[in-house]
Structure formats: structure tokens, C-alpha cells
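**Student:** my_file.cif is reproduced in full below (mmCIF, C-alpha atoms and all ligand atoms).
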data_my_file
#
loop_
_atom_site.label_atom_id
_atom_site.label_comp_id
_atom_site.auth_asym_id
_atom_site.auth_seq_id
_atom_site.Cartn_x
_atom_site.Cartn_y
_atom_site.Cartn_z
CA MET A 550 14.08 8.80 -15.25
CA GLU A 551 11.90 9.42 -12.30
CA LYS A 552 11.53 6.54 -9.83
CA ASP A 553 8.07 5.50 -8.69
CA VAL A 554 5.76 3.08 -6.92
CA ILE A 555 3.40 1.20 -9.28
CA ILE A 556 0.16 -0.24 -7.87
CA ALA A 557 -0.81 -3.60 -9.43
CA LEU A 558 -4.55 -3.41 -10.16
CA ASP A 559 -5.07 -7.16 -9.90
CA PHE A 560 -8.87 -7.10 -10.03
CA ALA A 561 -11.37 -8.90 -12.26
CA SER A 562 -13.63 -6.03 -13.35
CA THR A 563 -13.86 -2.32 -14.09
CA ASN A 564 -16.26 -1.86 -11.17
CA GLU A 565 -13.77 -3.30 -8.70
CA VAL A 566 -11.04 -1.03 -10.08
CA LYS A 567 -13.20 2.08 -9.83
CA GLU A 568 -14.24 1.22 -6.30
CA PHE A 569 -10.62 0.59 -5.29
CA LEU A 570 -9.41 3.87 -6.83
CA GLN A 571 -12.18 6.00 -5.32
CA PRO A 572 -10.17 7.07 -2.20
CA PHE A 573 -7.11 7.86 -4.39
CA LYS A 574 -8.87 10.67 -6.30
CA GLY A 575 -6.30 13.36 -7.14
CA GLU A 576 -3.21 11.21 -6.34
CA PRO A 577 -0.88 11.06 -9.37
CA LEU A 578 -0.73 7.26 -9.51
CA TYR A 579 1.24 4.86 -11.69
CA VAL A 580 -0.90 1.72 -12.07
CA LYS A 581 -0.31 -1.71 -13.54
CA VAL A 582 -2.97 -3.49 -15.58
CA GLY A 583 -2.19 -7.19 -15.91
CA MET A 584 -3.75 -10.05 -17.77
CA GLU A 585 -6.49 -10.78 -15.21
CA LEU A 586 -7.97 -7.33 -15.72
CA TYR A 587 -7.10 -6.64 -19.36
CA TYR A 588 -8.59 -9.90 -20.62
CA GLN A 589 -11.90 -8.89 -19.01
CA THR A 590 -11.99 -5.20 -19.80
CA GLY A 591 -9.82 -4.58 -22.88
CA PRO A 592 -8.76 -1.08 -23.99
CA ALA A 593 -11.90 0.64 -22.58
CA LEU A 594 -10.53 0.52 -19.04
CA LEU A 595 -7.17 1.91 -20.22
CA GLU A 596 -9.02 4.82 -21.79
CA TRP A 597 -10.75 5.55 -18.47
CA LEU A 598 -7.47 5.31 -16.52
CA LYS A 599 -5.88 7.77 -18.93
CA GLN A 600 -8.76 10.20 -18.51
CA GLU A 601 -8.06 10.05 -14.77
CA ASN A 602 -4.44 10.99 -15.62
CA TYR A 603 -2.93 7.77 -14.31
CA ARG A 604 0.25 6.46 -15.85
CA ILE A 605 -0.15 2.86 -17.02
CA PHE A 606 2.11 -0.18 -17.13
CA LEU A 607 0.31 -2.76 -19.33
CA ASP A 608 1.73 -6.04 -18.03
CA LEU A 609 0.77 -8.64 -20.63
CA LYS A 610 4.17 -10.42 -20.75
CA LEU A 611 4.15 -11.26 -24.46
CA HIS A 612 5.96 -14.43 -25.55
CA ASP A 613 5.45 -15.74 -29.11
CA ILE A 614 7.22 -15.87 -32.46
CA PRO A 615 8.89 -12.54 -33.35
CA ASN A 616 6.41 -11.61 -36.08
CA THR A 617 3.38 -12.13 -33.83
CA VAL A 618 4.96 -10.14 -30.99
CA LYS A 619 5.87 -7.34 -33.40
CA LYS A 620 2.30 -7.08 -34.72
CA ALA A 621 0.80 -7.28 -31.23
CA MET A 622 3.10 -4.51 -30.01
CA GLN A 623 2.22 -2.39 -33.04
CA GLY A 624 -1.37 -2.47 -31.78
CA LEU A 625 -0.52 -1.97 -28.12
CA ALA A 626 1.52 1.13 -28.99
CA THR A 627 -1.66 2.88 -30.10
CA LEU A 628 -3.30 2.52 -26.66
CA GLY A 629 -1.34 5.36 -25.09
CA VAL A 630 0.15 3.32 -22.22
CA ASP A 631 3.53 4.18 -20.69
CA MET A 632 5.12 0.73 -20.32
CA VAL A 633 4.66 -2.75 -21.81
CA ASN A 634 6.59 -5.99 -21.50
CA VAL A 635 7.67 -9.35 -22.96
CA HIS A 636 9.33 -12.47 -21.56
CA ALA A 637 13.11 -12.43 -22.08
CA ALA A 638 12.84 -16.23 -22.50
CA GLY A 639 11.42 -15.47 -25.98
CA GLY A 640 14.95 -14.59 -27.11
CA ILE A 641 16.77 -11.60 -28.53
CA SER A 642 15.04 -11.56 -31.96
CA MET A 643 11.62 -11.64 -30.30
CA MET A 644 12.54 -8.77 -27.97
CA HIS A 645 13.95 -6.79 -30.87
CA ALA A 646 10.74 -7.42 -32.84
CA ALA A 647 8.71 -6.14 -29.87
CA LYS A 648 10.57 -2.84 -29.91
CA GLU A 649 10.25 -2.54 -33.68
CA GLY A 650 6.50 -3.10 -33.44
CA LEU A 651 6.19 -0.42 -30.77
CA GLU A 652 8.14 2.07 -32.87
CA ILE A 653 5.95 1.42 -35.91
CA GLY A 654 2.73 1.62 -33.83
CA ALA A 655 3.76 4.78 -32.00
CA SER A 656 4.63 6.37 -35.39
CA GLY A 657 6.54 9.40 -34.18
CA SER A 658 4.68 9.92 -30.91
CA HIS A 659 6.25 8.78 -27.65
CA ARG A 660 6.62 4.99 -27.68
CA PRO A 661 5.92 3.09 -24.43
CA LEU A 662 8.91 1.81 -22.48
CA CYS A 663 9.52 -1.87 -23.26
CA ILE A 664 10.91 -4.13 -20.59
CA ALA A 665 11.56 -7.87 -20.35
CA VAL A 666 10.60 -10.27 -17.56
CA THR A 667 13.74 -12.15 -16.51
CA GLN A 668 12.44 -14.70 -13.99
CA LEU A 669 9.08 -14.28 -12.27
CA THR A 670 9.40 -13.31 -8.62
CA SER A 671 7.28 -16.37 -7.81
CA THR A 672 10.03 -18.63 -9.24
CA SER A 673 12.43 -20.24 -6.76
CA LYS A 674 15.88 -21.59 -7.63
CA GLN A 675 14.48 -25.13 -7.32
CA VAL A 676 11.66 -24.49 -9.81
CA MET A 677 14.04 -22.71 -12.18
CA ASN A 678 16.53 -25.63 -12.05
CA GLU A 679 14.14 -28.59 -11.96
CA GLU A 680 11.06 -27.45 -13.91
CA ILE A 681 12.12 -24.62 -16.21
CA LEU A 682 15.36 -26.61 -16.63
CA LEU A 683 17.72 -23.66 -16.41
CA ALA A 684 20.82 -24.68 -14.44
CA GLY A 685 22.66 -22.30 -12.10
CA GLU A 686 21.77 -19.53 -9.68
CA VAL A 687 18.74 -17.26 -10.24
CA GLN A 688 21.05 -14.22 -10.17
CA GLU A 689 23.20 -15.60 -13.05
CA ILE A 690 20.19 -16.35 -15.27
CA VAL A 691 18.57 -12.99 -14.52
CA ARG A 692 21.84 -11.21 -15.32
CA ALA A 693 22.21 -13.10 -18.63
CA TYR A 694 18.58 -12.41 -19.63
CA ALA A 695 18.99 -8.73 -18.75
CA THR A 696 22.05 -8.60 -21.00
CA HIS A 697 19.99 -10.11 -23.84
CA ALA A 698 17.24 -7.53 -23.27
CA LYS A 699 19.82 -4.76 -23.49
CA GLN A 700 21.29 -6.25 -26.69
CA ALA A 701 17.76 -6.28 -28.15
CA GLY A 702 17.48 -2.55 -27.43
CA LEU A 703 14.89 -2.77 -24.65
CA ASP A 704 14.67 -0.18 -21.89
CA GLY A 705 15.00 -2.49 -18.91
CA VAL A 706 13.82 -5.61 -17.14
CA VAL A 707 11.43 -6.95 -14.53
CA SER A 708 13.19 -8.85 -11.76
CA SER A 709 13.31 -9.18 -8.00
CA ALA A 710 14.95 -6.19 -6.30
CA LEU A 711 17.52 -8.70 -5.01
CA GLU A 712 18.91 -8.93 -8.55
CA VAL A 713 19.10 -5.18 -9.26
CA PRO A 714 22.78 -4.71 -8.29
CA THR A 715 23.98 -7.43 -10.69
CA ILE A 716 21.69 -6.12 -13.48
CA LYS A 717 22.97 -2.56 -13.08
CA GLU A 718 26.55 -3.84 -13.02
CA ALA A 719 26.02 -5.79 -16.26
CA CYS A 720 23.78 -3.35 -18.16
CA GLY A 721 24.60 0.08 -16.70
CA GLN A 722 22.78 2.45 -14.38
CA PRO A 723 20.25 3.90 -16.89
CA PHE A 724 18.93 0.40 -17.76
CA LEU A 725 15.60 0.26 -15.90
CA THR A 726 14.70 -2.25 -13.24
CA VAL A 727 11.04 -2.80 -12.37
CA THR A 728 10.67 -4.96 -9.29
CA PRO A 729 7.57 -6.77 -8.03
CA GLY A 730 7.67 -9.15 -5.05
CA ILE A 731 7.41 -6.25 -2.61
CA ARG A 732 6.16 -6.88 0.93
CA LEU A 733 6.08 -4.80 4.10
CA LEU A 734 7.49 -6.36 7.27
CA GLY A 735 4.80 -8.62 8.71
CA ASP A 736 2.99 -9.17 5.37
CA ALA A 737 2.34 -12.72 4.13
CA THR A 738 4.52 -13.56 1.10
CA GLN A 739 1.71 -15.61 -0.58
CA ASP A 740 2.95 -17.15 -3.86
CA GLN A 741 5.97 -14.80 -4.13
CA LYS A 742 9.39 -16.26 -3.36
CA ARG A 743 11.98 -13.51 -3.91
CA VAL A 744 10.48 -10.71 -1.77
CA VAL A 745 11.92 -7.41 -0.54
CA THR A 746 10.59 -4.40 1.47
CA PRO A 747 10.10 -1.03 -0.33
CA ASP A 748 13.01 0.63 1.50
CA LYS A 749 15.35 -2.28 0.77
CA ALA A 750 14.29 -2.26 -2.92
CA CYS A 751 15.18 1.39 -3.08
CA GLN A 752 18.54 0.85 -1.42
CA LEU A 753 19.27 -1.93 -3.92
CA GLY A 754 18.67 0.55 -6.76
CA SER A 755 15.22 -0.37 -8.15
CA ASP A 756 13.74 2.24 -10.49
CA PHE A 757 10.12 1.15 -10.00
CA ILE A 758 8.57 -1.12 -7.40
CA VAL A 759 5.34 -2.93 -8.25
CA VAL A 760 3.09 -3.46 -5.25
CA GLY A 761 -0.10 -5.50 -5.46
CA ARG A 762 -1.69 -7.31 -2.56
CA SER A 763 0.21 -5.37 0.15
CA ILE A 764 -1.85 -2.36 -0.95
CA THR A 765 -4.95 -3.83 -2.63
CA GLN A 766 -5.77 -6.21 0.24
CA ALA A 767 -4.96 -3.73 3.04
CA LYS A 768 -7.79 -2.53 5.32
CA ASP A 769 -6.98 1.05 4.30
CA PRO A 770 -5.31 0.91 0.85
CA LEU A 771 -4.67 4.67 0.65
CA ALA A 772 -2.92 4.72 4.03
CA ARG A 773 -0.91 1.65 3.04
CA TYR A 774 0.05 3.25 -0.31
CA ARG A 775 1.26 6.37 1.51
CA GLU A 776 3.27 4.22 3.91
CA VAL A 777 4.93 2.38 1.00
CA LYS A 778 5.60 5.64 -0.83
CA GLN A 779 7.13 7.18 2.29
CA LEU A 780 9.48 4.23 2.82
CA TRP A 781 10.42 4.40 -0.87
CA GLU A 782 10.98 8.17 -0.97
CA ASP A 783 12.86 8.36 2.35
CA ASN A 784 15.39 5.94 0.92
CA ASN A 785 15.62 7.78 -2.41
CA GLN A 786 17.18 10.84 -0.89
O1 LIG B 801 0.33 -8.94 -5.09
P1 LIG B 801 1.76 -8.81 -5.50
O2 LIG B 801 2.45 -7.59 -4.92
O3 LIG B 801 2.54 -10.09 -5.29
O4 LIG B 801 1.66 -8.56 -7.07
C1 LIG B 801 2.77 -8.48 -7.91
C2 LIG B 801 2.34 -8.17 -9.31
O5 LIG B 801 3.49 -8.13 -10.13
C3 LIG B 801 1.39 -9.17 -9.94
O6 LIG B 801 0.50 -8.40 -10.74
C4 LIG B 801 2.26 -10.04 -10.82
O7 LIG B 801 1.61 -10.48 -11.97
C5 LIG B 801 3.37 -9.07 -11.19
N1 LIG B 801 4.68 -9.66 -11.50
C6 LIG B 801 5.40 -10.44 -10.63
N2 LIG B 801 6.64 -10.94 -10.97
C7 LIG B 801 7.16 -10.65 -12.16
C8 LIG B 801 6.44 -9.84 -13.06
C9 LIG B 801 5.20 -9.36 -12.70
O8 LIG B 801 4.94 -10.67 -9.51
N3 LIG B 801 8.38 -11.05 -12.46
#
Would you mind giving the structure from this file in C-alpha cells?

**Tutor:**
Amino acid sequence: MEKDVIIALDFASTNEVKEFLQPFKGEPLYVKVGMELYYQTGPALLEWLKQENYRIFLDLKLHDIPNTVKKAMQGLATLGVDMVNVHAAGGISMMHAAKEGLEIGASGSHRPLCIAVTQLTSTSKQVMNEEILLAGEVQEIVRAYATHAKQAGLDGVVSSALEVPTIKEACGQPFLTVTPGIRLLGDATQDQKRVVTPDKACQLGSDFIVVGRSITQAKDPLARYREVKQLWEDNNQ
């Protein structure tokens, strides 16, 4: 599995996305479409991104009863995206149902990778303990949720890069880790709590880093993307 940098297209409209991507023409990008954008634009934007030859992570973080997740995934599998996800908090049967739905929907063609969100990178230990009411260290919960995702047959998890070593130890090297919460030195962390630089994420063993505001809010997004990619690739060798 090839490692890559994924740009989070956290915009509110197709126009904003097209304007942002203008300078990237010809770059073989991997992009992430999340709920802000998808709920405004629907599958039409995905179609356009595919025509531009971008790989797509559709980050809708499904979490519902198993049957609903299975049916939703059956539909999402027909959109031609490369990666989709669910919340591991939905449990093993729900995650298993997600994969089943994708397999049915893909019907013989390549099914999208399916990964599970362990704990959001905006969640601190205090919030996890006192509001989500999960006792213990973030690392322990993330490791346990990753194990559940593996048992359900998923391809990997979303976590902070800080948790990648324990996930790989528990689930094996090929089990994918997709890590948001990436910041360059000197960037503001904003709402993210468990943040890591691109080079550190690579050293910790991340398979994919997801970078949003560090690139999308930069004065020169293309230059910033190349800087991130360079830090990532230098540490991959
Ligand atoms: O702007 P920033 O780099 O913080 O964006 C991170 C992106 O990754 C956002 O689109 C957010 O929804 C997503 N994400 C996350 N933490 C997770 C899963 C997804 O920050 N655990």
C-alpha cells in the first residue's frame, strides 16, 4: 500500500473547491471530502473530482444501526470513491455490516477501503473520560477500538499519529492508519488536541496523513502542500 498525503477539502461549495484546486492542476492529489462539503454538493462533486483523476476519501463517519449502515454503504460503494469510514464506537457488528454493504454495492469491482474512526483528534483525555465517559488513557481506548475494527474485517483506522505505534503493534503492520491532526511547526492547533508534524507522523508509521487548514488556509496552498509532501517523503525513505 502506497503511503500518501490527503488534503482535506473542508469547503462549503463546489466553487470554493474548484478555485482552491486551480493551482494544483496536473498534481496527482488524494483529497478528502467531508460532511461540510458532501452535504452541500452530493455525488456531483465526486464525479467532477474523479474526472480530474483525484483519488477520494469520502469522510462521512457513519454511525447508526448495522442495517442502516450496511444499506448506506451499499449506495456509497457505487460512487467510485477510494476510501470511506465509520465510527468504531458503533461496535463490531456495525463495522462488519459496513464492509458487507460495500462488498454488495461494489459487486465485483474494487470496493473502497473502509476504515474506522477511533477517537477524533479533537478529543482530549479529559473529554474522553468526563464527557464520552470512557475511562483510561486515549492510547488504550484507541488500541481497543482498532482491535475491534480489525475483528470486523475493516482495512484500518483513523487516529492521531501518536497512536500509530500501539495500533500497529496490536493489529499488525498492514493494518492502515490514517492520521489527521497534522500541523507544521509554528501553525496554530485550532480545535485539534493530538497534533503531530508530517515528518513525525511518518516516523511514527502513519500510512496516510490528512492535512486540512495547514494547507487550505495557507497564503500559497500549493507551496505549502509541496512542503508537507517533501517532509513526508524525506522521512519515508
Ligand atoms: O484542518 P485540519 O487539518 O485540522 O483538518 C483535519 C480534517 O480531518 C478535518 O476534515 C476533520 O474532519 C478530519 N478528521 C479529524 N479527526 C479525525 C477524523 C477526521 O480531524 N479523527

**Student:** Give the residues close to ligand LIG 801 (chain B), within 6 Å, counting all atoms listed in the file; write them as a PyMOL selection string.

**Tutor:** chain A and resi 557+559+583+666+668-670+707-708+729-731+741+759-763

**Student:** Please report the interatomic distance between atom CA of A:Gly640 and atom CA of A:Asn678 in Å with one decimal.

**Tutor:**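 Atom-to-atom, atom CA of A:Gly640 to atom CA of A:Asn678, that is 18.7 Å.
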
**Student:** What are the nearest atom pairs, with distances in Å to one decimal, for all residues of stretch 601-703 of chain A that come at most 7 Å from stretch 718-722 of chain A, using all atoms listed in the file, set out by chain and rising residue number as a Markdown table?

**Tutor:**
| residue | atom | partner | partner_atom | distance |
| --- | --- | --- | --- | --- |
| A:Arg692 | CA | A:Ala719 | CA | 6.9 |
| A:Thr696 | CA | A:Cys720 | CA | 6.2 |
| A:Lys699 | CA | A:Cys720 | CA | 6.8 |

**Student:** Could you pull the residues within 9 Å of A:Leu628, counting only C-alpha atoms, minus those fewer than 5 positions along the same chain, as a compact mmCIF listing (two decimals) with C-alpha atoms, in the frame of the given file?

**Tutor:**
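Output contents, as saved in around13.txt:
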# COMPACT_ATOMS: atom_id res chain seq x y z
CA PRO A 592 -8.76 -1.08 -23.99
CA LEU A 595 -7.17 1.91 -20.22
CA GLU A 596 -9.02 4.82 -21.79

**Student:** Excluding A:Lys749 and any residue of its chain fewer than 6 positions from it, enumerate the residues within 10 Å of it, using all atoms listed in the file, and give them as a short mmCIF file (atom, residue, chain, number, x, y, z; two decimals) with C-alpha atoms, in the frame of the given file.

**Tutor:**
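And here is the file that came out, part-v6.cif:
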data_model
loop_
_atom_site.label_atom_id
_atom_site.label_comp_id
_atom_site.auth_asym_id
_atom_site.auth_seq_id
_atom_site.Cartn_x
_atom_site.Cartn_y
_atom_site.Cartn_z
CA ALA A 710 14.95 -6.19 -6.30
CA LEU A 711 17.52 -8.70 -5.01
CA ILE A 731 7.41 -6.25 -2.61
CA SER A 755 15.22 -0.37 -8.15
CA LEU A 780 9.48 4.23 2.82
CA TRP A 781 10.42 4.40 -0.87
CA ASN A 784 15.39 5.94 0.92
#

**Student:** Emit as JSON the padded axis-aligned box for all listed atoms of stretch 582-601 of chain A, 4 Å per side, with centre and edge lengths in Å to one decimal.

**Tutor:**
{"center_x": -7.1, "center_y": -0.3, "center_z": -19.4, "size_x": 17.8, "size_y": 29.0, "size_z": 17.2}

**Student:** Would you mind telling me which residue in A:Lys620, A:Arg604, A:Lys768, A:Lys674 lies nearest to A:Glu576 when using only C-alpha atoms?

**Tutor:**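 For A:Glu576, the nearest of the given residues is A:Arg604.
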
**Student:** Could you jot down the atom CA of A:Ile605 to atom CA of A:Ala737 separation for me, Å, one decimal place?

**Tutor:**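 So the two atoms, atom CA of A:Ile605 and atom CA of A:Ala737, lie 26.4 Å apart.
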
**Student:** Using all atoms listed in the file, which residues sit within 10 Å of A:Asp553 once same-chain residues fewer than 2 positions away are excluded, as a PyMOL selection string?

**Tutor:** chain A and resi 550-551+555-556+578-579+727+751+755-759+778+781-782

**Student:** Pick out the closest residue to A:Arg660 from this set: A:Ala646, A:Met622, A:Leu682, A:Val687. Count all atoms listed in the file.

**Tutor:** A:Met622

**Student:** Would you list the contacts of stretch 631-636 of chain A as a tab-separated table (two decimals) with C-alpha atoms, keeping the file's coordinate frame, taking every protein, DNA or RNA residue within 9 Å and counting only C-alpha atoms, but skipping same-chain residues closer than 3 positions in sequence?

**Tutor:**
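Listed below is the output, around_14.tsv:
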chain	number	residue	atom	x	y	z
A	604	ARG	CA	0.25	6.46	-15.85
A	605	ILE	CA	-0.15	2.86	-17.02
A	606	PHE	CA	2.11	-0.18	-17.13
A	607	LEU	CA	0.31	-2.76	-19.33
A	608	ASP	CA	1.73	-6.04	-18.03
A	609	LEU	CA	0.77	-8.64	-20.63
A	610	LYS	CA	4.17	-10.42	-20.75
A	611	LEU	CA	4.15	-11.26	-24.46
A	612	HIS	CA	5.96	-14.43	-25.55
A	618	VAL	CA	4.96	-10.14	-30.99
A	622	MET	CA	3.10	-4.51	-30.01
A	625	LEU	CA	-0.52	-1.97	-28.12
A	626	ALA	CA	1.52	1.13	-28.99
A	639	GLY	CA	11.42	-15.47	-25.98
A	640	GLY	CA	14.95	-14.59	-27.11
A	643	MET	CA	11.62	-11.64	-30.30
A	644	MET	CA	12.54	-8.77	-27.97
A	647	ALA	CA	8.71	-6.14	-29.87
A	659	HIS	CA	6.25	8.78	-27.65
A	660	ARG	CA	6.62	4.99	-27.68
A	661	PRO	CA	5.92	3.09	-24.43
A	662	LEU	CA	8.91	1.81	-22.48
A	663	CYS	CA	9.52	-1.87	-23.26
A	664	ILE	CA	10.91	-4.13	-20.59
A	665	ALA	CA	11.56	-7.87	-20.35
A	666	VAL	CA	10.60	-10.27	-17.56
A	667	THR	CA	13.74	-12.15	-16.51
A	668	GLN	CA	12.44	-14.70	-13.99
A	706	VAL	CA	13.82	-5.61	-17.14
A	707	VAL	CA	11.43	-6.95	-14.53

**Student:** Taking all atoms listed in the file into account, which of A:Ile764, A:Val777, A:Val580, A:Ala772 comes nearest A:Pro747?

**Tutor:**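 Between A:Ile764, A:Val777, A:Val580, A:Ala772, the residue approaching A:Pro747 most closely is A:Val777.
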
**Student:** One decimal, in Å: what's the spacing between atom CA of A:Ala621 and atom CA of A:Trp597?

**Tutor:** 21.5 Å

**Student:** Pick the closest to A:Ile614 from A:Ala684, A:Leu594, A:Ile641, A:Ala695: which is it, counting only C-alpha atoms?

**Tutor:**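 Looking at the shortest contact to A:Ile614, the residue is A:Ile641.
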
**Student:** Smallest atom-to-atom distance to A:Ala693: which of A:Thr715, A:Ser673, A:Thr563, A:Gln589, using all atoms listed in the file?

**Tutor:**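 Answer, going by the shortest atom-to-atom distance: A:Thr715.
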
**Student:** Quick one: everything within 7 Å of A:Gly654, counting all atoms listed in the file, minus sequence neighbours fewer than 3 positions away in the same chain. Send it as number ranges by chain.

**Tutor:** A: 623-624, 626-627, 650-651

**Student:** Hey, can you spit out that residue selection with C-alpha atoms as a compact mmCIF listing (two decimals), in the frame of the given file?

**Tutor:**
# COMPACT_ATOMS: atom_id res chain seq x y z
CA GLN A 623 2.22 -2.39 -33.04
CA GLY A 624 -1.37 -2.47 -31.78
CA ALA A 626 1.52 1.13 -28.99
CA THR A 627 -1.66 2.88 -30.10
CA GLY A 650 6.50 -3.10 -33.44
CA LEU A 651 6.19 -0.42 -30.77

**Student:** Using only C-alpha atoms, pick whichever of A:Leu703, A:Leu683, A:Val676, A:Leu570 has the shortest atom-to-atom distance to A:Thr765.

**Tutor:**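 The closest residue to A:Thr765 is A:Leu570.
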
**Student:** Atoms are missing here; could stretch 580-589 of chain A be completed with all heavy atoms and written as a CSV table (one decimal), in the frame of the given file?

**Tutor:**
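Contents of the output file result_15.csv:
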chain,number,residue,atom,x,y,z
A,580,VAL,N,-0.2,3.0,-12.3
A,580,VAL,CA,-0.9,1.7,-12.1
A,580,VAL,C,-0.5,0.6,-13.1
A,580,VAL,O,0.0,1.0,-14.2
A,580,VAL,CB,-2.4,1.9,-12.1
A,580,VAL,CG1,-2.9,2.8,-11.0
A,580,VAL,CG2,-2.9,2.4,-13.5
A,581,LYS,N,-0.6,-0.6,-12.7
A,581,LYS,CA,-0.3,-1.7,-13.5
A,581,LYS,C,-1.6,-2.5,-13.8
A,581,LYS,O,-2.3,-2.9,-12.9
A,581,LYS,CB,0.7,-2.6,-12.9
A,581,LYS,CG,1.1,-3.8,-13.7
A,581,LYS,CD,2.2,-4.6,-13.1
A,581,LYS,CE,1.7,-5.7,-12.2
A,581,LYS,NZ,1.0,-6.8,-12.9
A,582,VAL,N,-1.8,-2.7,-15.1
A,582,VAL,CA,-3.0,-3.5,-15.6
A,582,VAL,C,-2.4,-4.8,-16.1
A,582,VAL,O,-1.6,-4.8,-17.1
A,582,VAL,CB,-3.8,-2.8,-16.7
A,582,VAL,CG1,-4.9,-3.7,-17.2
A,582,VAL,CG2,-4.4,-1.5,-16.1
A,583,GLY,N,-2.7,-5.9,-15.5
A,583,GLY,CA,-2.2,-7.2,-15.9
A,583,GLY,C,-3.2,-8.0,-16.7
A,583,GLY,O,-4.3,-7.5,-17.0
A,584,MET,N,-2.9,-9.2,-16.9
A,584,MET,CA,-3.8,-10.0,-17.8
A,584,MET,C,-5.1,-10.3,-17.2
A,584,MET,O,-6.1,-10.4,-17.9
A,584,MET,CB,-3.0,-11.3,-18.3
A,584,MET,CG,-2.3,-12.1,-17.3
A,584,MET,SD,-1.6,-13.5,-18.1
A,584,MET,CE,0.1,-13.1,-18.1
A,585,GLU,N,-5.2,-10.5,-15.8
A,585,GLU,CA,-6.5,-10.8,-15.2
A,585,GLU,C,-7.5,-9.7,-15.6
A,585,GLU,O,-8.6,-10.0,-16.1
A,585,GLU,CB,-6.3,-10.8,-13.7
A,585,GLU,CG,-7.7,-11.1,-13.0
A,585,GLU,CD,-7.6,-11.0,-11.4
A,585,GLU,OE1,-6.5,-10.6,-10.9
A,585,GLU,OE2,-8.6,-11.2,-10.8
A,586,LEU,N,-7.1,-8.5,-15.5
A,586,LEU,CA,-8.0,-7.3,-15.7
A,586,LEU,C,-8.1,-7.0,-17.2
A,586,LEU,O,-9.3,-6.9,-17.7
A,586,LEU,CB,-7.4,-6.1,-15.0
A,586,LEU,CG,-8.2,-4.8,-15.0
A,586,LEU,CD1,-9.6,-5.1,-14.3
A,586,LEU,CD2,-7.5,-3.8,-14.2
A,587,TYR,N,-7.0,-7.0,-17.9
A,587,TYR,CA,-7.1,-6.6,-19.4
A,587,TYR,C,-7.9,-7.6,-20.2
A,587,TYR,O,-8.7,-7.2,-21.1
A,587,TYR,CB,-5.7,-6.5,-20.0
A,587,TYR,CG,-5.7,-5.9,-21.3
A,587,TYR,CD1,-6.0,-4.5,-21.5
A,587,TYR,CD2,-5.5,-6.7,-22.5
A,587,TYR,CE1,-6.0,-3.9,-22.7
A,587,TYR,CE2,-5.6,-6.1,-23.7
A,587,TYR,CZ,-5.8,-4.7,-23.9
A,587,TYR,OH,-5.9,-4.2,-25.1
A,588,TYR,N,-7.8,-8.9,-19.9
A,588,TYR,CA,-8.6,-9.9,-20.6
A,588,TYR,C,-10.1,-9.8,-20.4
A,588,TYR,O,-10.9,-10.2,-21.1
A,588,TYR,CB,-8.1,-11.3,-20.3
A,588,TYR,CG,-6.7,-11.6,-20.8
A,588,TYR,CD1,-6.0,-12.7,-20.3
A,588,TYR,CD2,-6.2,-10.9,-21.9
A,588,TYR,CE1,-4.7,-12.9,-20.7
A,588,TYR,CE2,-4.9,-11.2,-22.4
A,588,TYR,CZ,-4.2,-12.2,-21.8
A,588,TYR,OH,-2.9,-12.5,-22.3
A,589,GLN,N,-10.5,-9.1,-19.3
A,589,GLN,CA,-11.9,-8.9,-19.0
A,589,GLN,C,-12.4,-7.6,-19.6
A,589,GLN,O,-13.5,-7.4,-20.0
A,589,GLN,CB,-12.2,-8.8,-17.5
A,589,GLN,CG,-11.9,-10.1,-16.7
A,589,GLN,CD,-12.7,-11.3,-17.3
A,589,GLN,OE1,-13.9,-11.2,-17.5
A,589,GLN,NE2,-12.0,-12.4,-17.5
